[in-house]
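Please read the structure below before turning to the comments.
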Amino acid sequence: MDVSDSASISSGIAERYATAVFEIAKEGGQLSELEANLDDLSAALDESADLRDLLTSPVYTRTQQGDAIGAIAQKMGLIQPLHNVLLLMASKRRLFVVPQMVTRLREMIAEDKGEVTADVVTAKELTPAQASELAETLKAKVGQDVKINTTVDESLIGGLVVKVGSKMIDTSIRSKLLSLQNAMKEVG
């Protein structure tokens, strides 16, 4: 088995759990609560190395993982379908796919709302006005509401990189300098 096989198995597992949570939450009219829970869960995963370790480390028993993830879900006030799926995943030793499940759930919610997600990398933090203007510009181009996920990468120097679906627009100064460097190599 090569790495791509295990990645595809993981995404398949994440897809099944995400579909279950999404369908139950939609049926119960809890999609907006689920979306807020996913934001909280993503923030916790980003901020806590201990939580990431809990999800991936084989050192913890099923019971330890279940007790810990149950307590975390309770403390975070996660909706019951998400809470239950996390407990089920712990009992099956599948917590390692939680980040992929969160990503897939976000995609499903966005699709249900008629939104697309744009991943935007900028050289410095966007102001709320800039983010709003960018979302409106992208909405005009794409024809759908656009939710923006921003990250900062100071190595871009200036400009931004926008990825919507399979399309990518790179207006960063770094890429322009690299392009210029390559052009100069061809001349010399």
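Residues are referred to by chain and number: the chain letter is A, B, ... according to the order shown in the structure tokens, the number counts from 1 in that chain, and ligands are numbered separately from 1 in the order shown.
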
Requested in this report: Mind checking which residues fall within 7 Å of Asn37 (chain A), counting only C-alpha atoms, ignoring those fewer than 4 positions away in the same chain, and posting them as a ChimeraX atom specification?
Outcome: /A:33,41,78

Could you list, as a short mmCIF file (atom, residue, chain, number, x, y, z; two decimals) with N, CA, C and O atoms, in the first residue's frame, every residue within 7 Å of region 104-117 of chain A, counting only C-alpha atoms and ignoring same-chain residues fewer than 6 positions away?
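Contents of the output file part00.cif:
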data_model
loop_
_atom_site.label_atom_id
_atom_site.label_comp_id
_atom_site.auth_asym_id
_atom_site.auth_seq_id
_atom_site.Cartn_x
_atom_site.Cartn_y
_atom_site.Cartn_z
N GLU A 15 -15.34 11.29 4.77
CA GLU A 15 -16.54 11.56 3.97
C GLU A 15 -17.77 10.90 4.59
O GLU A 15 -18.83 11.52 4.70
N ALA A 18 -18.68 12.68 7.87
CA ALA A 18 -19.17 14.03 7.57
C ALA A 18 -20.58 13.97 7.00
O ALA A 18 -21.45 14.77 7.39
N PHE A 22 -23.76 15.74 8.69
CA PHE A 22 -24.44 16.75 7.89
C PHE A 22 -25.93 16.42 7.73
O PHE A 22 -26.79 17.28 7.91
N GLN A 144 -21.40 33.15 -7.46
CA GLN A 144 -21.96 32.58 -6.24
C GLN A 144 -21.41 33.37 -5.06
O GLN A 144 -20.40 34.06 -5.18
N ASP A 145 -22.08 33.23 -3.90
CA ASP A 145 -21.53 33.83 -2.69
C ASP A 145 -20.19 33.18 -2.39
O ASP A 145 -20.02 31.97 -2.59
N VAL A 146 -19.25 33.96 -1.90
CA VAL A 146 -17.90 33.46 -1.64
C VAL A 146 -17.56 33.67 -0.16
O VAL A 146 -17.69 34.77 0.36
N LYS A 147 -17.16 32.59 0.47
CA LYS A 147 -16.67 32.66 1.85
C LYS A 147 -15.14 32.62 1.76
O LYS A 147 -14.58 31.78 1.06
N ILE A 148 -14.50 33.53 2.46
CA ILE A 148 -13.04 33.66 2.34
C ILE A 148 -12.35 33.07 3.57
O ILE A 148 -12.67 33.42 4.70
N VAL A 164 -9.86 29.46 -5.82
CA VAL A 164 -11.29 29.14 -5.77
C VAL A 164 -11.48 27.89 -6.61
O VAL A 164 -11.30 27.92 -7.83
#

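In terms of minimum interatomic distance to Ala135 (chain A), A:Val162 ranks closest within A:Val98, A:Val162, A:Leu156, A:Ala44, counting only C-alpha atoms.
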
Query raised in the report: Where in region 6-149 of chain A does DSSP assign alpha helix (DSSP H), given as a PyMOL selection string?
Result: chain A and resi 6-27+31-47+49-56+62-76+80-91+98-113+128-142

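Of the residues listed (A:Leu82, A:Val142, A:Met89, A:Ala43), A:Met89 shows the shortest atom-to-atom separation from Thr63 (chain A); distances use only C-alpha atoms.
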
Query raised in the report: Leu160 (chain A): which residues within 8 Å, counting only C-alpha atoms, same-chain residues fewer than 3 positions away excluded, as a list in words?
Result: Val120, Val121, Thr122, Ala123, Leu156, Asp170, Thr171 and Ser172 of chain A

Any chance you could export the current selection's C-alpha atoms as a PDB file, in the first residue's frame?
ATOM      1  CA  VAL A 120      -6.685  33.561   0.171  1.00  0.00           C
ATOM      2  CA  VAL A 121      -3.046  33.935   1.177  1.00  0.00           C
ATOM      3  CA  THR A 122      -1.904  37.510   1.796  1.00  0.00           C
ATOM      4  CA  ALA A 123       1.349  39.176   2.778  1.00  0.00           C
ATOM      5  CA  LEU A 156       4.752  36.883  -0.455  1.00  0.00           C
ATOM      6  CA  ASP A 170      -1.278  34.658  -7.965  1.00  0.00           C
ATOM      7  CA  THR A 171      -0.635  38.400  -7.837  1.00  0.00           C
ATOM      8  CA  SER A 172       2.092  38.200  -5.201  1.00  0.00           C
TER       9      SER A 172
END

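Residues lying within 7 Å of Pro81 (chain A), counting only C-alpha atoms and ignoring same-chain neighbours fewer than 2 positions away, are Val21, Ile24, Ala25, Ile79, His83, Asn84 and Val85 of chain A.
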
Output the selection as a PDB file, in the first residue's frame - C-alpha atoms for each residue.
ATOM      1  CA  VAL A  21     -23.311  14.481  10.715  1.00  0.00           C
ATOM      2  CA  ILE A  24     -28.653  14.579  10.799  1.00  0.00           C
ATOM      3  CA  ALA A  25     -27.889  18.269  11.423  1.00  0.00           C
ATOM      4  CA  ILE A  79     -24.385  19.812  18.864  1.00  0.00           C
ATOM      5  CA  HIS A  83     -20.694  15.006  19.748  1.00  0.00           C
ATOM      6  CA  ASN A  84     -22.018  11.478  19.083  1.00  0.00           C
ATOM      7  CA  VAL A  85     -19.951  11.016  15.924  1.00  0.00           C
TER       8      VAL A  85
END

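Taking CA of Glu136 (chain A) and CA of Glu35 (chain A) as endpoints, the distance between them is 21.6 Å.
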